[in-house]
$ cat my_file13.csv   # CSV, C-alpha atoms
chain,number,residue,atom,x,y,z
J,135,MET,CA,234.6,2.3,-26.0
J,136,ALA,CA,234.4,2.4,-29.8
J,137,ILE,CA,233.8,5.7,-31.6
J,138,LYS,CA,230.2,5.9,-32.7
J,139,LEU,CA,229.7,7.4,-36.1
J,140,LYS,CA,226.5,9.3,-36.5
J,141,THR,CA,224.1,9.2,-39.4
J,142,GLU,CA,222.7,12.3,-41.1
J,143,LYS,CA,219.4,11.6,-39.2
J,144,ASP,CA,221.4,11.5,-35.9
J,145,ILE,CA,223.2,14.7,-36.7
J,146,ALA,CA,219.9,16.4,-37.6
J,147,LYS,CA,218.7,15.7,-34.0
J,148,MET,CA,222.0,16.9,-32.6
J,149,ARG,CA,221.5,20.2,-34.5
J,150,VAL,CA,218.3,20.7,-32.5
J,151,SER,CA,219.9,20.0,-29.1
J,152,GLY,CA,222.9,22.0,-30.0
J,153,ARG,CA,220.8,25.0,-31.0
J,154,LEU,CA,218.9,24.8,-27.8
J,155,ALA,CA,222.1,24.8,-25.7
J,156,ALA,CA,223.4,27.9,-27.7
J,157,GLU,CA,220.1,29.6,-27.1
J,158,VAL,CA,220.4,29.1,-23.3
J,159,LEU,CA,223.7,30.9,-23.4
J,160,GLU,CA,222.3,33.7,-25.6
J,161,MET,CA,219.3,34.1,-23.2
J,162,ILE,CA,221.4,34.4,-20.0
J,163,GLY,CA,223.9,37.0,-21.3
J,164,GLU,CA,221.9,40.0,-20.3
J,165,TYR,CA,221.8,38.8,-16.7
J,166,VAL,CA,225.6,38.4,-16.3
J,167,VAL,CA,226.1,41.7,-14.6
J,168,PRO,CA,227.8,42.9,-11.4
J,169,GLY,CA,225.8,41.9,-8.3
J,170,VAL,CA,224.2,38.8,-9.6
J,171,SER,CA,224.8,35.4,-8.0
J,172,THR,CA,225.8,32.4,-10.0
J,173,GLU,CA,222.9,30.7,-8.3
J,174,GLU,CA,220.4,33.1,-9.9
J,175,LEU,CA,222.0,32.5,-13.3
J,176,ASP,CA,221.6,28.7,-12.8
J,177,ARG,CA,218.0,29.1,-11.7
J,178,ARG,CA,217.1,31.1,-14.8
J,179,CYS,CA,218.7,28.6,-17.1
J,180,ASN,CA,217.1,25.7,-15.5
J,181,ASP,CA,213.7,27.3,-15.8
J,182,TYR,CA,214.3,28.2,-19.4
J,183,ILE,CA,215.4,24.7,-20.4
J,184,ARG,CA,212.6,23.0,-18.6
J,185,LYS,CA,209.7,25.4,-19.2
J,186,VAL,CA,210.5,27.1,-22.5
J,187,GLN,CA,212.5,24.6,-24.4
J,188,LYS,CA,210.7,21.6,-22.9
J,189,ALA,CA,214.1,19.9,-22.6
J,190,THR,CA,216.3,18.4,-19.9
J,191,PRO,CA,219.4,20.0,-18.2
J,192,ALA,CA,222.0,17.2,-18.6
J,193,ASN,CA,224.2,18.3,-15.7
J,194,VAL,CA,221.7,18.0,-12.9
J,195,GLY,CA,222.6,14.8,-11.1
J,196,TYR,CA,225.3,13.8,-13.5
J,197,HIS,CA,227.8,11.9,-11.4
J,198,GLY,CA,226.2,13.8,-8.5
J,199,PHE,CA,226.7,17.3,-9.9
J,200,PRO,CA,224.0,19.4,-8.3
J,201,LYS,CA,223.3,22.2,-10.8
J,202,THR,CA,222.3,23.0,-14.3
J,203,LEU,CA,225.4,25.1,-15.2
J,204,CYS,CA,229.0,25.0,-14.6
J,205,THR,CA,230.0,28.6,-13.7
J,206,SER,CA,233.7,29.1,-13.7
J,207,VAL,CA,234.8,32.6,-12.5
J,208,ASN,CA,238.3,34.1,-13.0
J,209,SER,CA,240.8,31.5,-11.8
J,210,VAL,CA,238.3,28.6,-12.0
J,211,VAL,CA,239.2,26.5,-15.0
J,212,CYS,CA,236.1,24.4,-15.2
J,213,HIS,CA,233.2,22.7,-13.2
J,214,GLY,CA,232.5,25.6,-10.9
J,215,ILE,CA,229.3,25.1,-8.9
J,216,PRO,CA,226.8,27.9,-8.9
J,217,ALA,CA,226.1,29.2,-5.4
J,218,PRO,CA,224.0,31.9,-3.7
J,219,ALA,CA,227.1,33.4,-2.0
J,220,GLU,CA,229.1,33.7,-5.3
J,221,ILE,CA,228.3,37.2,-6.4
J,222,LEU,CA,229.8,38.5,-9.7
J,223,LYS,CA,231.6,41.8,-9.6
J,224,ASP,CA,232.8,44.3,-12.1
J,225,GLY,CA,235.9,43.0,-14.0
J,226,ASP,CA,235.2,39.3,-13.5
J,227,ILE,CA,235.3,36.9,-16.4
J,228,VAL,CA,233.1,33.8,-16.2
J,229,ASN,CA,232.6,30.7,-18.3
J,230,ILE,CA,229.1,29.3,-18.4
J,231,ASP,CA,228.9,25.7,-19.6
J,232,VAL,CA,225.5,24.1,-20.4
J,233,THR,CA,224.3,20.8,-21.8
J,234,VAL,CA,220.8,20.2,-22.9
J,235,ILE,CA,219.1,16.9,-23.7
J,236,LYS,CA,216.3,16.9,-26.3
J,237,ASP,CA,214.8,13.7,-27.6
J,238,GLY,CA,217.7,11.7,-26.1
J,239,TRP,CA,220.4,13.7,-27.8
J,240,HIS,CA,222.9,16.0,-26.0
J,241,GLY,CA,223.8,19.6,-27.0
J,242,ASP,CA,227.0,20.9,-25.2
J,243,THR,CA,228.5,24.4,-25.4
J,244,SER,CA,230.2,27.0,-23.3
J,245,ARG,CA,231.2,30.6,-23.7
J,246,MET,CA,232.9,33.4,-21.8
J,247,TYR,CA,231.2,36.5,-20.5
J,248,PHE,CA,232.6,39.8,-19.2
J,249,VAL,CA,231.1,41.1,-16.0
J,250,GLY,CA,231.1,44.9,-16.4
J,251,THR,CA,234.5,46.0,-17.8
J,252,PRO,CA,237.3,43.5,-18.0
J,253,SER,CA,241.0,44.3,-17.7
J,254,PRO,CA,243.0,44.4,-20.9
J,255,GLU,CA,244.8,41.2,-19.9
J,256,ALA,CA,241.5,39.4,-19.2
J,257,LYS,CA,240.0,40.5,-22.5
J,258,LYS,CA,243.1,39.4,-24.4
J,259,LEU,CA,243.0,36.0,-22.8
J,260,VAL,CA,239.3,35.5,-23.5
J,261,ASP,CA,239.6,36.6,-27.1
J,262,THR,CA,242.8,34.5,-27.7
J,263,THR,CA,241.1,31.4,-26.2
J,264,TYR,CA,238.1,31.9,-28.6
J,265,GLU,CA,240.6,32.1,-31.6
J,266,ALA,CA,242.4,29.0,-30.3
J,267,MET,CA,239.1,27.0,-30.2
J,268,MET,CA,238.3,28.1,-33.8
J,269,ALA,CA,241.8,27.3,-35.0
J,270,GLY,CA,241.3,23.8,-33.6
J,271,ILE,CA,237.9,23.5,-35.2
J,272,ARG,CA,239.2,24.6,-38.6
J,273,ALA,CA,241.7,21.7,-38.5
J,274,VAL,CA,238.8,19.2,-38.5
J,275,ARG,CA,238.2,17.3,-41.7
J,276,PRO,CA,238.1,13.6,-42.7
J,277,GLY,CA,241.6,12.2,-43.1
J,278,ALA,CA,243.1,14.6,-40.5
J,279,ARG,CA,244.0,13.5,-37.1
J,280,LEU,CA,243.0,14.7,-33.6
J,281,GLY,CA,246.7,15.7,-33.0
J,282,ASP,CA,246.2,18.3,-35.7
J,283,VAL,CA,243.4,19.8,-33.8
J,284,GLY,CA,245.3,19.9,-30.5
J,285,HIS,CA,248.4,21.3,-32.3
J,286,ALA,CA,246.5,24.2,-33.8
J,287,ILE,CA,245.1,25.2,-30.4
J,288,GLN,CA,248.4,24.8,-28.6
J,289,LYS,CA,250.4,26.7,-31.2
J,290,LEU,CA,248.1,29.7,-31.1
J,291,ALA,CA,247.8,29.8,-27.3
J,292,GLU,CA,251.4,29.4,-26.6
J,293,ALA,CA,252.4,32.0,-29.3
J,294,ALA,CA,250.4,34.5,-27.3
J,295,GLY,CA,252.3,33.6,-24.1
J,296,TYR,CA,249.5,31.4,-22.5
J,297,SER,CA,249.4,27.8,-21.4
J,298,VAL,CA,247.1,25.0,-22.2
J,299,VAL,CA,245.4,22.9,-19.5
J,300,ARG,CA,246.2,19.2,-20.1
J,301,GLU,CA,244.1,17.4,-17.5
J,302,TYR,CA,240.8,18.1,-19.2
J,303,CYS,CA,239.8,17.7,-22.8
J,304,GLY,CA,237.0,17.6,-25.4
J,305,HIS,CA,235.0,14.5,-25.9
J,306,GLY,CA,232.7,12.5,-28.2
J,307,ILE,CA,229.0,13.1,-27.7
J,308,GLY,CA,225.6,12.0,-28.9
J,309,LYS,CA,223.1,10.0,-27.0
J,310,VAL,CA,225.9,9.6,-24.4
J,311,TYR,CA,227.2,12.7,-22.7
J,312,HIS,CA,230.8,11.7,-22.7
J,313,GLU,CA,232.0,9.1,-25.2
J,314,ASP,CA,235.1,8.4,-27.3
J,315,PRO,CA,237.2,10.0,-28.7
J,316,GLN,CA,239.0,12.2,-26.3
J,317,VAL,CA,239.9,15.5,-27.9
J,318,LEU,CA,243.2,16.9,-26.5
J,319,HIS,CA,243.9,20.6,-26.8
J,320,TYR,CA,247.6,20.1,-27.4
J,321,GLY,CA,249.4,17.7,-29.6
J,322,ARG,CA,251.6,17.0,-32.6
J,323,PRO,CA,250.5,17.1,-36.3
J,324,ASN,CA,249.6,13.9,-38.0
J,325,THR,CA,249.2,12.0,-34.7
J,326,GLY,CA,246.3,10.7,-32.8
J,327,THR,CA,242.9,9.3,-33.8
J,328,LEU,CA,242.0,9.5,-37.5
J,329,ILE,CA,239.1,11.9,-38.1
J,330,LYS,CA,236.1,10.4,-40.0
J,331,GLU,CA,232.9,11.7,-41.4
J,332,GLY,CA,230.1,11.1,-38.9
J,333,MET,CA,232.2,11.7,-35.8
J,334,THR,CA,230.7,14.2,-33.3
J,335,PHE,CA,232.7,15.8,-30.5
J,336,THR,CA,233.4,18.9,-28.6
J,337,VAL,CA,236.4,21.3,-28.9
J,338,GLU,CA,236.7,23.2,-25.6
J,339,PRO,CA,240.2,24.5,-24.8
J,340,MET,CA,241.0,25.8,-21.3
J,341,ILE,CA,243.8,28.4,-21.6
J,342,ASN,CA,245.6,29.9,-18.6
J,343,LEU,CA,247.2,33.3,-18.2
J,344,GLY,CA,249.9,31.7,-16.1
J,345,ASP,CA,251.1,28.1,-15.6
J,346,PRO,CA,249.1,25.2,-16.9
J,347,ASP,CA,248.9,23.4,-13.6
J,348,VAL,CA,245.5,22.9,-12.0
J,349,GLU,CA,244.0,21.5,-8.8
J,350,GLN,CA,240.6,20.3,-7.7
J,351,LEU,CA,239.0,21.9,-4.7
J,352,ASP,CA,237.5,20.0,-1.7
J,353,ASP,CA,234.0,20.1,-3.2
J,354,GLY,CA,235.1,17.4,-5.6
J,355,TRP,CA,234.2,19.4,-8.7
J,356,THR,CA,235.7,22.9,-8.9
J,357,VAL,CA,239.0,23.0,-10.8
J,358,VAL,CA,241.3,26.1,-10.4
J,359,THR,CA,244.6,27.2,-11.6
J,360,ARG,CA,247.3,26.2,-9.1
J,361,ASP,CA,248.9,29.7,-9.3
J,362,ARG,CA,245.4,31.3,-9.2
J,363,SER,CA,245.9,33.1,-12.5
J,364,LEU,CA,243.0,33.7,-14.8
J,365,SER,CA,241.7,30.9,-17.0
J,366,ALA,CA,239.3,31.0,-20.0
J,367,GLN,CA,237.4,28.5,-22.0
J,368,TRP,CA,235.1,28.3,-25.0
J,369,GLU,CA,233.3,25.2,-26.4
J,370,HIS,CA,231.5,24.1,-29.5
J,371,MET,CA,230.0,20.8,-30.4
J,372,ILE,CA,230.8,19.8,-34.0
J,373,ALA,CA,230.1,17.1,-36.5
J,374,VAL,CA,232.6,15.9,-39.1
J,375,THR,CA,231.2,16.3,-42.6
J,376,LYS,CA,232.2,15.0,-45.9
J,377,ASN,CA,234.5,17.9,-46.6
J,378,GLY,CA,235.2,19.4,-43.2
J,379,PHE,CA,233.0,20.3,-40.1
J,380,GLU,CA,229.7,21.7,-39.0
J,381,ILE,CA,229.3,23.6,-35.8
J,382,LEU,CA,226.2,22.2,-34.1
J,383,THR,CA,226.1,24.8,-31.4
J,384,PRO,CA,226.2,28.1,-33.4
J,385,TRP,CA,225.6,31.1,-31.2
J,386,PRO,CA,223.0,33.6,-32.4
J,387,ARG,CA,225.8,36.2,-32.0
J,388,LYS,CA,229.3,36.0,-30.5
J,389,GLY,CA,228.7,39.1,-28.4
$ encode --input "my_file13.csv" --output "structure tokens"
Amino acid sequence: MAIKLKTEKDIAKMRVSGRLAAEVLEMIGEYVVPGVSTEELDRRCNDYIRKVQKATPANVGYHGFPKTLCTSVNSVVCHGIPAPAEILKDGDIVNIDVTVIKDGWHGDTSRMYFVGTPSPEAKKLVDTTYEAMMAGIRAVRPGARLGDVGHAIQKLAEAAGYSVVREYCGHGIGKVYHEDPQVLHYGRPNTGTLIKEGMTFTVEPMINLGDPDVEQLDDGWTVVTRDRSLSAQWEHMIAVTKNGFEILTPWPRKG
């Protein structure tokens, strides 16, 4: 699959879908509290996307995925399926990942939430993962290479004593949910695909407190750390500009 460079008109539409995705995550924040089910969070977000934003939740039915959100709690790395029996408790950390389609264009973002009061080690992991994502994004500019992005993420994460998940990566995005290029969250400087103006892709590192190894559960979706250590992830969708990058999924506040 060839990398599809986007026009300024295309990127303007992706700003809209990206903003909507970010607004979903802002809206749901106050409901991420001890005692709530991930099913309820999913229902609220589905209603908001369909009824308030007049948009489409991209995940529903995507390759058979049944829900609007991926809700990945504690040792779940990614693709957790919301469920009525999954009740959040004080001290949990959870990644909520959402993709919205508006006028045919995808907006994809995820962020971490603390349920009640996190442990110091959980908070440090979450904060470091955010900084790793931003380090990767800051490496984006025309003429750089995707290995520079992965290296920036890997260097920061490993310096903090954490490990980078290698089986899952960021991806090109636009009218197609997942397209080229693949954006690895590890790598060597000055290697990999050349970054060009008009590219649009996600940067979404998954960082583990323990070993990097992961496994998929029997549901065919949920990915967990093999050693069941905590995992964290943040994700932004970006566009490559003439001089650097633009975050297309800016959050109203980091919070």
$ closest_residue --input "my_file13.csv" --among "J:Pro191, J:Gly169, J:Pro384, J:Gly281" --to "Gly326 (chain J)" --atoms "all atoms listed in the file"
J:Gly281
$ closest_residue --input "my_file13.csv" --among "J:Ile307, J:Ala136, J:Ile372, J:Leu328" --to "Met268 (chain J)" --atoms "all atoms listed in the file"
J:Ile372
$ closest_atom_pairs --input "my_file13.csv" --of "region 305-349 of chain J" --to "region 254-257 of chain J" --cutoff "12 Å" --atoms "only C-alpha atoms" --output "tab-separated table"
residue	atom	partner	partner_atom	distance
J:Ile341	CA	J:Ala256	CA	11.5
J:Asn342	CA	J:Ala256	CA	10.4
J:Leu343	CA	J:Ala256	CA	8.4
J:Gly344	CA	J:Glu255	CA	11.4
$ residues_near_point --input "my_file13.csv" --point "(219.3, 24.3, -20.6)" --cutoff "6 Å" --atoms "all atoms listed in the file" --output "VMD selection string"
chain J and resid 155 158 179 to 180 183 191 234
$ write_last_selection --input "my_file13.csv" --atoms "C-alpha atoms" --output "CSV table (one decimal), in the frame of the given file"
chain,number,residue,atom,x,y,z
J,155,ALA,CA,222.1,24.8,-25.7
J,158,VAL,CA,220.4,29.1,-23.3
J,179,CYS,CA,218.7,28.6,-17.1
J,180,ASN,CA,217.1,25.7,-15.5
J,183,ILE,CA,215.4,24.7,-20.4
J,191,PRO,CA,219.4,20.0,-18.2
J,234,VAL,CA,220.8,20.2,-22.9
$ closest_residue --input "my_file13.csv" --among "J:His319, J:Arg279, J:Lys258, J:Lys289" --to "Glu301 (chain J)" --atoms "only C-alpha atoms"
J:His319
$ atom_distance --input "my_file13.csv" --atom1 "CA of Val167 (chain J)" --atom2 "CA of Leu222 (chain J)"
6.9 Å
$ closest_atom_pairs --input "my_file13.csv" --of "region 149-266 of chain J" --to "region 294-299 of chain J" --cutoff "9 Å" --atoms "only C-alpha atoms" --output "JSON lines"
{"residue": "J:Val211", "atom": "CA", "partner": "J:Val299", "partner_atom": "CA", "distance": 8.5}
{"residue": "J:Leu259", "atom": "CA", "partner": "J:Tyr296", "partner_atom": "CA", "distance": 8.0}
{"residue": "J:Thr262", "atom": "CA", "partner": "J:Ala294", "partner_atom": "CA", "distance": 7.6}
$ atom_distance --input "my_file13.csv" --atom1 "CA of Gly284 (chain J)" --atom2 "CA of Pro323 (chain J)"
8.3 Å
$ closest_residue --input "my_file13.csv" --among "J:Ile235, J:Ile287, J:Met246, J:Val317" --to "Arg149 (chain J)" --atoms "only C-alpha atoms"
J:Ile235
$ decode --input "my_file13.csv" --residues "region 314-333 of chain J" --atoms "N, CA and C atoms" --output "PDB file, in the first residue's frame"
ATOM      1  N   ASP J 314      -0.709   2.674   5.304  1.00  0.00           N
ATOM      2  CA  ASP J 314       0.721   2.929   5.461  1.00  0.00           C
ATOM      3  C   ASP J 314       0.962   4.407   5.761  1.00  0.00           C
ATOM      4  N   PRO J 315       2.040   4.712   6.505  1.00  0.00           N
ATOM      5  CA  PRO J 315       3.102   3.818   6.963  1.00  0.00           C
ATOM      6  C   PRO J 315       2.800   3.216   8.339  1.00  0.00           C
ATOM      7  N   GLN J 316       3.529   2.154   8.678  1.00  0.00           N
ATOM      8  CA  GLN J 316       3.555   1.694  10.050  1.00  0.00           C
ATOM      9  C   GLN J 316       4.539   2.572  10.831  1.00  0.00           C
ATOM     10  N   VAL J 317       4.156   2.930  12.049  1.00  0.00           N
ATOM     11  CA  VAL J 317       4.981   3.822  12.871  1.00  0.00           C
ATOM     12  C   VAL J 317       5.421   3.042  14.115  1.00  0.00           C
ATOM     13  N   LEU J 318       6.635   2.493  14.052  1.00  0.00           N
ATOM     14  CA  LEU J 318       7.148   1.714  15.174  1.00  0.00           C
ATOM     15  C   LEU J 318       7.541   2.637  16.321  1.00  0.00           C
ATOM     16  N   HIS J 319       7.440   2.112  17.530  1.00  0.00           N
ATOM     17  CA  HIS J 319       7.759   2.914  18.719  1.00  0.00           C
ATOM     18  C   HIS J 319       9.136   2.576  19.281  1.00  0.00           C
ATOM     19  N   TYR J 320       9.960   2.038  18.439  1.00  0.00           N
ATOM     20  CA  TYR J 320      11.365   1.773  18.733  1.00  0.00           C
ATOM     21  C   TYR J 320      12.110   1.905  17.414  1.00  0.00           C
ATOM     22  N   GLY J 321      13.411   2.072  17.472  1.00  0.00           N
ATOM     23  CA  GLY J 321      14.132   2.159  16.213  1.00  0.00           C
ATOM     24  C   GLY J 321      15.479   2.829  16.362  1.00  0.00           C
ATOM     25  N   ARG J 322      16.143   2.974  15.223  1.00  0.00           N
ATOM     26  CA  ARG J 322      17.453   3.602  15.178  1.00  0.00           C
ATOM     27  C   ARG J 322      17.361   4.904  14.386  1.00  0.00           C
ATOM     28  N   PRO J 323      18.115   5.909  14.800  1.00  0.00           N
ATOM     29  CA  PRO J 323      18.069   7.193  14.088  1.00  0.00           C
ATOM     30  C   PRO J 323      18.438   7.038  12.620  1.00  0.00           C
ATOM     31  N   ASN J 324      17.830   7.869  11.807  1.00  0.00           N
ATOM     32  CA  ASN J 324      18.131   7.944  10.374  1.00  0.00           C
ATOM     33  C   ASN J 324      17.886   6.626   9.641  1.00  0.00           C
ATOM     34  N   THR J 325      16.894   5.868  10.114  1.00  0.00           N
ATOM     35  CA  THR J 325      16.469   4.654   9.414  1.00  0.00           C
ATOM     36  C   THR J 325      14.953   4.721   9.206  1.00  0.00           C
ATOM     37  N   GLY J 326      14.471   3.876   8.335  1.00  0.00           N
ATOM     38  CA  GLY J 326      13.028   3.793   8.135  1.00  0.00           C
ATOM     39  C   GLY J 326      12.524   4.759   7.078  1.00  0.00           C
ATOM     40  N   THR J 327      11.210   4.807   6.957  1.00  0.00           N
ATOM     41  CA  THR J 327      10.542   5.598   5.920  1.00  0.00           C
ATOM     42  C   THR J 327      10.840   7.084   6.065  1.00  0.00           C
ATOM     43  N   LEU J 328      11.117   7.743   4.952  1.00  0.00           N
ATOM     44  CA  LEU J 328      11.333   9.187   4.931  1.00  0.00           C
ATOM     45  C   LEU J 328      10.013   9.899   5.206  1.00  0.00           C
ATOM     46  N   ILE J 329      10.055  10.858   6.101  1.00  0.00           N
ATOM     47  CA  ILE J 329       8.848  11.615   6.466  1.00  0.00           C
ATOM     48  C   ILE J 329       8.681  12.776   5.486  1.00  0.00           C
ATOM     49  N   LYS J 330       7.465  12.911   4.952  1.00  0.00           N
ATOM     50  CA  LYS J 330       7.184  13.955   3.965  1.00  0.00           C
ATOM     51  C   LYS J 330       5.971  14.785   4.382  1.00  0.00           C
ATOM     52  N   GLU J 331       5.968  16.027   3.960  1.00  0.00           N
ATOM     53  CA  GLU J 331       4.813  16.898   4.198  1.00  0.00           C
ATOM     54  C   GLU J 331       3.562  16.248   3.600  1.00  0.00           C
ATOM     55  N   GLY J 332       2.464  16.280   4.347  1.00  0.00           N
ATOM     56  CA  GLY J 332       1.212  15.700   3.879  1.00  0.00           C
ATOM     57  C   GLY J 332       0.940  14.311   4.409  1.00  0.00           C
ATOM     58  N   MET J 333       1.936  13.693   5.041  1.00  0.00           N
ATOM     59  CA  MET J 333       1.686  12.407   5.691  1.00  0.00           C
ATOM     60  C   MET J 333       0.838  12.634   6.943  1.00  0.00           C
TER      61      MET J 333
END
